[in-house]
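**Q** For reference, the file protein.txt (compact mmCIF, C-alpha atoms and all ligand atoms) is included below:
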# COMPACT_ATOMS: atom_id res chain seq x y z
CA MET Q 360 69.50 129.74 22.07
CA GLU Q 361 65.82 129.09 22.55
CA LYS Q 362 65.93 126.81 19.54
CA ALA Q 363 68.88 124.83 21.01
CA THR Q 364 67.08 124.29 24.34
CA ARG Q 365 64.07 123.06 22.50
CA GLY Q 366 66.26 120.68 20.51
CA ILE Q 367 67.83 119.22 23.66
CA ALA Q 368 64.46 118.86 25.31
CA LEU Q 369 63.16 117.04 22.26
CA CYS Q 370 66.18 114.71 22.20
CA LEU Q 371 65.73 113.94 25.89
CA CYS Q 372 62.09 113.24 25.33
CA VAL Q 373 62.80 110.84 22.46
CA LEU Q 374 65.51 109.08 24.48
CA LEU Q 375 63.29 108.75 27.52
CA CYS Q 376 60.48 107.48 25.44
CA LEU Q 377 62.64 104.95 23.61
CA SER Q 378 64.19 103.55 26.77
CA GLY Q 379 60.96 103.73 28.74
CA CYS Q 380 58.75 102.24 26.09
CA SER Q 381 61.05 99.61 24.60
CA GLY Q 382 60.94 97.34 27.67
CA SER Q 383 57.20 97.41 28.02
CA PHE Q 384 56.67 97.21 24.27
CA SER Q 385 58.62 93.97 23.82
CA GLU Q 386 57.10 92.53 26.97
CA ASP Q 387 53.73 93.42 25.61
CA ALA Q 388 54.52 91.95 22.22
CA SER Q 389 55.73 88.65 23.62
CA ARG Q 390 52.72 88.42 25.90
CA ARG Q 391 50.50 89.01 22.92
CA ASP Q 392 52.38 86.39 20.95
CA ARG Q 393 51.36 83.73 23.37
CA GLN Q 394 47.81 84.54 24.31
CA ILE Q 395 44.70 86.51 23.52
CA LYS Q 396 41.62 87.16 25.63
CA ILE Q 397 38.36 87.56 23.74
CA GLY Q 398 35.13 88.64 25.43
CA VAL Q 399 31.93 87.65 23.63
CA CYS Q 400 28.69 89.47 24.49
CA ALA Q 401 25.43 87.91 23.24
CA TYR Q 402 22.22 90.00 23.19
CA ASP Q 403 20.35 86.96 24.52
CA GLN Q 404 22.03 83.69 25.34
CA PHE Q 405 18.81 81.74 24.74
CA ASP Q 406 18.39 82.76 21.10
CA THR Q 407 18.77 79.58 19.03
CA PHE Q 408 20.87 81.03 16.22
CA ILE Q 409 23.08 83.12 18.51
CA SER Q 410 23.85 80.17 20.75
CA THR Q 411 24.88 78.26 17.61
CA ILE Q 412 27.29 81.04 16.60
CA VAL Q 413 28.71 81.20 20.12
CA GLU Q 414 29.29 77.43 20.23
CA ALA Q 415 30.89 77.51 16.78
CA PHE Q 416 33.12 80.38 17.94
CA LYS Q 417 34.31 78.45 20.98
CA ASN Q 418 35.04 75.40 18.82
CA ALA Q 419 36.92 77.48 16.26
CA ALA Q 420 39.00 78.99 19.07
CA LYS Q 421 39.87 75.54 20.42
CA GLN Q 422 40.88 74.38 16.97
CA LYS Q 423 43.02 77.48 16.42
CA GLU Q 424 44.73 76.88 19.77
CA LEU Q 425 45.60 73.36 18.65
CA ASP Q 426 46.81 74.53 15.26
CA THR Q 427 48.94 77.44 16.46
CA GLY Q 428 49.83 76.83 20.10
CA ILE Q 429 48.51 80.30 20.95
CA SER Q 430 46.38 80.33 24.06
CA ILE Q 431 42.96 81.74 23.18
CA ASN Q 432 40.84 82.56 26.15
CA VAL Q 433 37.16 83.03 25.26
CA GLU Q 434 34.62 84.19 27.81
CA VAL Q 435 30.95 84.47 26.86
CA VAL Q 436 28.20 86.46 28.55
CA GLY Q 437 24.54 86.98 27.65
CA ALA Q 438 22.59 90.18 28.32
CA GLY Q 439 19.06 88.76 28.49
CA GLY Q 440 17.92 91.40 25.99
CA LYS Q 441 18.93 94.37 28.17
CA GLN Q 442 21.31 97.02 26.86
CA ASN Q 443 22.23 98.34 30.31
CA VAL Q 444 23.27 94.83 31.36
CA GLN Q 445 25.39 94.50 28.23
CA ASN Q 446 27.03 97.89 28.82
CA ASP Q 447 28.16 96.68 32.24
CA GLN Q 448 29.43 93.41 30.77
CA VAL Q 449 31.47 95.30 28.17
CA ALA Q 450 32.90 97.60 30.85
CA ASP Q 451 33.81 94.58 32.94
CA PHE Q 452 35.69 92.88 30.06
CA ILE Q 453 37.58 96.11 29.41
CA ASP Q 454 38.45 96.58 33.07
CA ARG Q 455 39.75 93.00 33.10
CA GLU Q 456 42.00 93.83 30.16
CA PHE Q 457 40.47 91.66 27.49
CA ASP Q 458 42.21 92.22 24.14
CA ILE Q 459 39.21 92.06 21.79
CA LEU Q 460 35.44 92.21 22.21
CA CYS Q 461 32.86 90.52 20.01
CA VAL Q 462 29.55 92.26 20.62
CA ASN Q 463 26.11 91.12 19.52
CA ILE Q 464 24.57 94.42 20.54
CA VAL Q 465 21.12 94.42 22.14
CA ASP Q 466 19.96 97.75 20.76
CA ARG Q 467 21.78 98.63 17.59
CA THR Q 468 20.82 102.30 17.96
CA ASP Q 469 22.25 102.57 21.46
CA THR Q 470 25.96 102.24 20.75
CA THR Q 471 27.57 105.27 22.39
CA MET Q 472 28.60 103.78 25.70
CA ILE Q 473 30.23 100.70 24.18
CA ILE Q 474 32.07 102.58 21.45
CA ASP Q 475 33.30 105.33 23.81
CA LYS Q 476 34.49 102.89 26.43
CA ALA Q 477 36.29 100.62 23.93
CA LYS Q 478 37.88 103.55 22.14
CA SER Q 479 39.23 105.14 25.30
CA ALA Q 480 40.74 101.79 26.37
CA ASP Q 481 41.92 101.03 22.79
CA VAL Q 482 40.13 97.67 22.67
CA PRO Q 483 38.90 96.77 19.15
CA VAL Q 484 35.25 95.69 18.85
CA ILE Q 485 33.86 93.22 16.35
CA PHE Q 486 30.09 93.67 16.27
CA PHE Q 487 28.23 90.67 14.92
CA ASN Q 488 24.78 89.67 13.70
CA ARG Q 489 23.06 92.89 14.85
CA GLU Q 490 24.35 95.53 12.49
CA LEU Q 491 25.20 99.08 13.48
CA VAL Q 492 24.52 101.87 11.03
CA ARG Q 493 27.57 102.84 9.01
CA GLU Q 494 27.99 106.22 10.76
CA ASP Q 495 28.43 104.43 14.09
CA LEU Q 496 30.94 101.97 12.68
CA GLU Q 497 32.83 104.91 11.24
CA ARG Q 498 33.27 106.51 14.64
CA TRP Q 499 36.56 104.67 15.17
CA ASP Q 500 38.84 102.67 12.89
CA LYS Q 501 38.89 99.66 15.23
CA LEU Q 502 35.19 98.85 14.87
CA TYR Q 503 34.14 95.96 12.64
CA TYR Q 504 31.02 94.08 11.64
CA VAL Q 505 30.66 90.37 10.88
CA GLY Q 506 27.32 89.13 9.58
CA ALA Q 507 25.46 87.80 6.58
CA GLU Q 508 24.47 89.08 3.15
CA THR Q 509 21.01 89.69 4.53
CA ILE Q 510 19.31 90.84 1.35
CA ARG Q 511 20.08 87.47 -0.21
CA SER Q 512 18.34 85.65 2.67
CA GLY Q 513 15.09 87.43 1.86
CA ILE Q 514 15.47 86.88 -1.87
CA MET Q 515 16.22 83.19 -1.34
CA GLN Q 516 13.04 82.77 0.71
CA GLY Q 517 11.20 84.09 -2.34
CA GLU Q 518 13.11 81.70 -4.58
CA ILE Q 519 12.08 78.75 -2.40
CA VAL Q 520 8.42 79.69 -2.81
CA ALA Q 521 8.86 80.18 -6.56
CA ARG Q 522 10.60 76.80 -6.93
CA LEU Q 523 7.84 75.04 -5.02
CA CYS Q 524 5.23 76.65 -7.24
CA SER Q 525 7.10 76.05 -10.49
CA GLY Q 526 6.21 72.38 -10.87
CA GLU Q 527 3.47 71.28 -13.27
CA ASP Q 528 0.70 71.63 -10.75
CA GLY Q 529 2.85 73.60 -8.28
CA MET Q 530 0.75 76.70 -7.95
CA ALA Q 531 -2.49 74.69 -7.97
CA LEU Q 532 -1.13 72.65 -5.09
CA TYR Q 533 -0.81 75.67 -2.85
CA ASP Q 534 -3.36 78.13 -4.28
CA ARG Q 535 -6.15 76.39 -2.49
CA ASN Q 536 -8.92 78.86 -3.26
CA GLY Q 537 -7.81 78.93 -6.91
CA ASP Q 538 -7.72 82.72 -7.21
CA GLY Q 539 -4.27 82.71 -8.82
CA LYS Q 540 -2.64 84.36 -5.82
CA LEU Q 541 -0.86 83.11 -2.73
CA GLN Q 542 -2.52 84.39 0.44
CA TYR Q 543 0.25 84.83 3.00
CA VAL Q 544 1.02 85.83 6.58
CA MET Q 545 4.36 87.27 7.67
CA LEU Q 546 6.04 86.51 11.02
CA GLU Q 547 8.59 89.21 11.73
CA GLY Q 548 11.63 89.27 14.02
CA GLU Q 549 12.36 92.13 16.41
CA ALA Q 550 11.19 95.59 15.38
CA GLY Q 551 14.08 97.54 13.92
CA HIS Q 552 16.39 94.53 13.48
CA GLN Q 553 18.05 94.80 10.05
CA ASP Q 554 17.37 91.14 9.25
CA ALA Q 555 13.68 91.45 10.10
CA LEU Q 556 13.20 94.57 8.01
CA ILE Q 557 15.15 93.29 5.02
CA ARG Q 558 13.76 89.73 4.97
CA THR Q 559 10.19 91.02 5.29
CA GLU Q 560 10.65 93.26 2.30
CA TYR Q 561 12.79 91.13 0.00
CA SER Q 562 11.05 87.79 0.47
CA VAL Q 563 7.81 89.24 -0.86
CA SER Q 564 9.39 91.30 -3.64
CA ALA Q 565 11.33 88.24 -4.82
CA ILE Q 566 8.14 86.16 -5.02
CA ILE Q 567 6.45 88.89 -7.04
CA GLU Q 568 9.48 89.20 -9.32
CA GLU Q 569 9.20 85.49 -10.02
CA GLY Q 570 5.76 86.26 -11.46
CA ILE Q 571 3.68 84.97 -8.55
CA GLN Q 572 0.89 87.15 -7.24
CA VAL Q 573 0.45 87.43 -3.50
CA GLU Q 574 -2.05 88.84 -1.04
CA LYS Q 575 -1.09 89.68 2.52
CA LEU Q 576 -3.56 88.49 5.14
CA GLY Q 577 -1.53 89.62 8.14
CA ASN Q 578 1.85 90.45 9.60
CA GLU Q 579 2.93 90.26 13.22
CA ILE Q 580 6.12 90.71 15.20
CA ALA Q 581 7.09 87.55 17.08
CA ASN Q 582 10.65 88.53 18.08
CA TRP Q 583 12.38 85.44 16.61
CA SER Q 584 10.52 83.36 19.20
CA ARG Q 585 8.89 80.00 18.57
CA ALA Q 586 6.37 80.46 21.39
CA GLN Q 587 5.35 83.95 20.29
CA ALA Q 588 4.99 82.80 16.69
CA GLN Q 589 2.80 79.91 17.77
CA THR Q 590 0.49 82.31 19.59
CA LYS Q 591 0.24 84.70 16.63
CA MET Q 592 -0.37 81.84 14.20
CA LYS Q 593 -3.04 80.37 16.43
CA LEU Q 594 -4.93 83.67 16.38
CA TRP Q 595 -4.66 83.88 12.60
CA LEU Q 596 -5.91 80.34 12.20
CA GLU Q 597 -8.93 81.09 14.38
CA LYS Q 598 -9.70 84.10 12.19
CA LEU Q 599 -8.60 82.96 8.74
CA GLY Q 600 -8.55 79.17 8.93
CA ASP Q 601 -7.62 77.47 5.66
CA ARG Q 602 -7.29 80.74 3.77
CA ILE Q 603 -3.57 80.90 4.67
CA GLU Q 604 -1.58 79.42 1.78
CA LEU Q 605 1.89 80.64 2.71
CA VAL Q 606 3.68 81.46 5.96
CA LEU Q 607 6.81 83.60 5.59
CA ALA Q 608 8.83 83.68 8.80
CA ASN Q 609 11.92 85.85 9.29
CA ASN Q 610 13.62 82.90 11.04
CA ASP Q 611 13.28 79.16 11.57
CA ASP Q 612 12.19 79.28 15.20
CA MET Q 613 9.15 81.35 14.20
CA ALA Q 614 8.47 79.01 11.24
CA LEU Q 615 8.52 76.09 13.68
CA GLY Q 616 6.20 77.99 16.03
CA ALA Q 617 3.77 78.46 13.12
CA LEU Q 618 3.97 74.73 12.44
CA ASP Q 619 3.20 73.99 16.10
CA ALA Q 620 -0.01 76.01 15.74
CA LEU Q 621 -0.85 74.44 12.36
CA GLU Q 622 -0.43 71.00 13.84
CA GLU Q 623 -2.61 71.88 16.82
CA TYR Q 624 -5.23 73.25 14.43
CA GLY Q 625 -5.03 70.10 12.34
CA ALA Q 626 -4.27 71.89 9.08
CA ASP Q 627 -4.27 69.44 6.20
CA PRO Q 628 -2.75 70.06 3.75
CA LEU Q 629 -0.23 72.45 5.25
CA PRO Q 630 0.48 75.84 3.72
CA ILE Q 631 4.02 76.53 2.51
CA VAL Q 632 6.14 77.45 5.54
CA VAL Q 633 9.53 79.09 4.96
CA GLY Q 634 12.17 80.24 7.46
CA VAL Q 635 15.79 81.39 7.67
CA ASP Q 636 18.79 80.08 9.65
CA GLY Q 637 18.98 76.39 8.75
CA THR Q 638 18.71 75.17 12.34
CA PRO Q 639 18.87 71.37 12.74
CA GLU Q 640 15.18 71.24 13.66
CA ALA Q 641 14.18 73.30 10.64
CA LYS Q 642 16.30 71.15 8.33
CA GLN Q 643 14.54 68.11 9.73
CA ALA Q 644 11.15 69.73 9.11
CA VAL Q 645 12.22 70.39 5.52
CA GLU Q 646 13.28 66.78 5.20
CA GLU Q 647 9.93 65.62 6.56
CA GLY Q 648 8.12 67.99 4.21
CA THR Q 649 6.36 70.10 6.84
CA MET Q 650 8.54 73.11 6.01
CA GLY Q 651 8.87 74.14 2.38
CA GLY Q 652 12.44 75.28 2.83
CA THR Q 653 14.90 77.36 4.78
CA VAL Q 654 17.88 79.59 4.08
CA VAL Q 655 21.11 78.78 5.88
CA ASN Q 656 22.50 81.61 7.97
CA ASP Q 657 26.11 80.43 8.12
CA ALA Q 658 26.77 80.36 11.88
CA GLU Q 659 30.02 78.45 11.46
CA GLY Q 660 31.33 80.70 8.73
CA GLN Q 661 30.48 83.83 10.70
CA ALA Q 662 32.05 82.43 13.86
CA LYS Q 663 35.22 81.46 12.05
CA ALA Q 664 35.48 84.83 10.33
CA MET Q 665 35.05 86.55 13.68
CA LEU Q 666 37.75 84.45 15.29
CA GLU Q 667 40.20 85.02 12.43
CA LEU Q 668 39.54 88.75 12.57
CA ALA Q 669 40.02 88.77 16.36
CA CYS Q 670 43.38 86.98 15.98
CA HIS Q 671 44.37 89.31 13.17
CA LEU Q 672 43.63 92.34 15.32
CA GLY Q 673 45.03 91.00 18.57
CA LEU Q 674 48.01 88.98 17.37
CA GLY Q 675 48.75 90.33 13.93
CA THR Q 676 48.06 86.99 12.17
CA GLU Q 677 47.09 87.09 8.49
CA LEU Q 678 43.43 86.81 7.51
CA PRO Q 679 42.79 83.64 5.45
CA GLU Q 680 42.30 84.43 1.76
CA ASP Q 681 38.64 83.43 1.72
CA ILE Q 682 37.76 86.03 4.35
CA VAL Q 683 37.18 89.39 2.72
CA LEU Q 684 37.32 92.49 4.88
CA ALA Q 685 35.39 95.05 2.86
CA ASP Q 686 35.99 98.76 3.45
CA ASP Q 687 38.35 97.68 6.24
CA THR Q 688 35.22 97.08 8.31
CA TYR Q 689 32.75 94.47 7.02
CA ILE Q 690 32.83 90.69 6.63
CA ARG Q 691 29.65 89.24 5.16
CA LEU Q 692 29.02 85.54 4.66
CA PRO Q 693 26.75 84.16 1.93
CA HIS Q 694 23.57 82.12 2.43
CA THR Q 695 22.42 78.86 0.86
CA ILE Q 696 18.99 77.36 0.23
CA VAL Q 697 17.83 74.12 1.85
CA MET Q 698 14.92 72.34 0.16
CA LYS Q 699 13.84 68.76 0.01
CA GLU Q 700 15.33 68.11 -3.43
CA ASN Q 701 18.88 68.96 -2.37
CA LYS Q 702 18.99 66.84 0.77
C1 LIG Q 801 19.07 86.66 12.91
C2 LIG Q 801 18.61 85.22 13.01
C3 LIG Q 801 17.55 85.11 14.08
C4 LIG Q 801 18.04 85.71 15.38
C5 LIG Q 801 18.60 87.10 15.19
C6 LIG Q 801 19.18 87.64 16.46
O1 LIG Q 801 20.10 86.76 11.95
O2 LIG Q 801 18.10 84.80 11.77
O3 LIG Q 801 17.18 83.78 14.27
O4 LIG Q 801 19.05 84.89 15.90
O5 LIG Q 801 19.56 87.12 14.16
O6 LIG Q 801 19.82 88.86 16.30
CA CA Q 802 -4.96 81.74 -3.34
Can you give me the file's structure in the form of structure tokens?
**A**
Amino acid sequence: MEKATRGIALCLCVLLCLSGCSGSFSEDASRRDRQIKIGVCAYDQFDTFISTIVEAFKNAAKQKELDTGISINVEVVGAGGKQNVQNDQVADFIDREFDILCVNIVDRTDTTMIIDKAKSADVPVIFFNRELVREDLERWDKLYYVGAETIRSGIMQGEIVARLCSGEDGMALYDRNGDGKLQYVMLEGEAGHQDALIRTEYSVSAIIEEGIQVEKLGNEIANWSRAQAQTKMKLWLEKLGDRIELVLANNDDMALGALDALEEYGADPLPIVVGVDGTPEAKQAVEEGTMGGTVVNDAEGQAKAMLELACHLGLGTELPEDIVLADDTYIRLPHTIVMKENK
């Protein structure tokens, strides 16, 4: 008897659910077929590389709209480097029923609020450029990361230096005091940023692996900023003058800041200056020979991958074959070297 009642109750429940849900489900599905709303949160809208990714993302979305007829609504906000501001921006997108969030998190160790909020509203989050630790990304199966193969960017900086020094009189050209070593200074990005940590370590180890001896004269954090790098470089030049033979910068803006200071100082010849990102200004400096080289951080590729993933998650479209989603979580784009020879 008890069993029978339970059976009826269960049947009723299933029926109710089927009739109740089916209307809203198909409505929902057709709505999703036609449009998707993507909220993009930048840690700092004035960061050169991030603004390039954001622009590339908007362009990719426009192109996808043209190709598919799906309406893709992209709204971008910047947090001015403040996590509490970004938390509010994320909450606002969720309250306004955005389908997917792309978050360039300010503080990659302060993820709880964003993950909890997105999870409870069932809004997938694609983190980009500022990488969360794996344990955080594993907190929910709708969290993703799109970025670069960072280790390679550091190694390629080392390869640029090695290539420059591999010519007949290569090393002699840059080893100005003739001690057989390259005296270098390191300009680092934000403390704790995965790209800063990894590039700082791997650029130097790659140079050493190429058989070139180095000596560190100084390292300073300049937070990816051209102005801060210029200030740090100016102080080094006052102290060390022509002893600097190599400037390793974790990004191009800081490399350009170092060049600003070198120019002001009147350095001639210039030390080797190497950056990462492949910004138009850095590529021009490479072309003009003031920068030894840069490593392209593929803004377009990362933006496109992020957009395809967002559409895949929000609309169920297939991911293009060239976009690999590793461990169901990570998409990493490769880097390339830019030097004068391969204009
Ligand atoms: C790095 C990039 C830097 C800066 C930083 C911001 O990948 O090389 O220029 O944009 O990301 O998180
Ligand atoms: Ca030397």
**Q** Hey, which of Q:Glu574, Q:Asp454, Q:Asp495, Q:Glu677 ends up closest to ligand CA 802 (chain Q)? Count all atoms listed in the file.
**A**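 So, comparing all the options, the nearest one is Q:Glu574.
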**Q** For segment 503-557 of chain Q against segment 584-602 of chain Q, with a cut-off of 9 Å and counting all atoms listed in the file, what is the closest atom pair and its distance in Å to one decimal for every residue that makes the cut, ordered by chain and number, as CSV?
**A**
residue,atom,partner,partner_atom,distance
Q:Arg535,CA,Q:Arg602,CA,7.7
Q:Asn536,CA,Q:Arg602,CA,7.5
Q:Gln542,CA,Q:Arg602,CA,6.9
Q:Tyr543,CA,Q:Arg602,CA,8.6
Q:Val544,CA,Q:Trp595,CA,8.5
Q:Leu546,CA,Q:Ala588,CA,6.9
Q:Glu547,CA,Q:Ala588,CA,8.9
Q:Gly548,CA,Q:Ser584,CA,7.9
**Q** To one decimal place, how far is atom CA of Asn582 of chain Q from atom CA of Ala626 of chain Q in Å?
**A**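 Value for the atom CA of Asn582 of chain Q-atom CA of Ala626 of chain Q distance: 24.1 Å.
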**Q** Which chains and residue numbers are within 7 Å of ligand CA 802 (chain Q), counting only C-alpha atoms and all ligand atoms, if I want them as a list in words?
**A** Asp534, Arg535, Asn536, Gly537, Asp538, Gly539, Lys540, Leu541, Gln542 and Glu604 of chain Q
**Q** Counting all atoms listed in the file, note down every residue that has an atom within 7 Å of the point (1.5, 72.1, 0.9) (file coordinates), as a PDB file with C-alpha atoms, keeping the file's coordinate frame.
**A**
ATOM      1  CA  LEU Q 532      -1.130  72.650  -5.090  1.00  0.00           C
ATOM      2  CA  TYR Q 533      -0.810  75.670  -2.850  1.00  0.00           C
ATOM      3  CA  PRO Q 628      -2.750  70.060   3.750  1.00  0.00           C
ATOM      4  CA  LEU Q 629      -0.230  72.450   5.250  1.00  0.00           C
ATOM      5  CA  PRO Q 630       0.480  75.840   3.720  1.00  0.00           C
ATOM      6  CA  ILE Q 631       4.020  76.530   2.510  1.00  0.00           C
TER       7      ILE Q 631
END
**Q** All residues within 7 Å of ligand LIG 801 (chain Q) are required, counting only C-alpha atoms and all ligand atoms; please report them as a ChimeraX atom specification.
**A** /Q:406-409,488-489,554,583,609-612,635-636,656
**Q** Take the point (23.7, 73.9, 3.4) as written in the file and pick out every residue within 8 Å of it, counting only C-alpha atoms; give the list as number ranges by chain.
**A** Q: 637, 655, 695-697
**Q** How far is it from atom CA of Val683 of chain Q to atom CA of Met665 of chain Q, in Å with one decimal?
**A**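 That distance, rounded to one decimal, is 11.5 Å.
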**Q** For Glu508 of chain Q, which of Q:Gln422, Q:Gln553, Q:Gln445, Q:Ser564 is the closest residue, counting all atoms listed in the file?
**A**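 Closest candidate: Q:Gln553.
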**Q** Nearest to Ile453 of chain Q among Q:Val435, Q:Leu605, Q:Ala644, Q:Val482, with distances taken over all atoms listed in the file: which residue is it?
**A**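 Among the listed residues, the smallest separation from Ile453 of chain Q belongs to Q:Val482.
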**Q** Residues within 10 Å of Ile571 of chain Q, please, as a PyMOL selection string. Count all atoms listed in the file; anything in the same chain fewer than 4 positions from it doesn't count.
**A** chain Q and resi 517+520-521+524-525+530+539-541+563-567
**Q** Which is closest to Met545 of chain Q among Q:Gly634, Q:Pro679, Q:Pro483, Q:Gly625, if we use all atoms listed in the file?
**A**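 Of all the options, Q:Gly634 lies closest to Met545 of chain Q.
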**Q** Please, what distance in Å, to one decimal, runs between atom CA of Asp458 of chain Q and atom CA of Gly673 of chain Q?
**A**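 Spanning atom CA of Asp458 of chain Q to atom CA of Gly673 of chain Q is a straight-line distance of 6.4 Å.
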**Q** Quick one: everything within 10 Å of segment 393-396 of chain Q, counting only C-alpha atoms, minus sequence neighbours fewer than 2 positions away in the same chain. Send it as a PyMOL selection string.
**A** chain Q and resi 388-391+398-399+424+427-434+452+455-460+669-670+673-674
**Q** Return the single residue from Q:Lys575, Q:Lys478, Q:Arg498, Q:Lys441 that is closest to Cys400 of chain Q, with distances computed using only C-alpha atoms.
**A**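 Using only C-alpha atoms, the shortest distance to Cys400 of chain Q belongs to Q:Lys441.
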**Q** Given all atoms listed in the file as the basis, pick out the residue of Q:Asp528, Q:Asp451, Q:Glu494, Q:Glu518 nearest to Ala480 of chain Q.
**A**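 Result for the nearest residue to Ala480 of chain Q: Q:Asp451.
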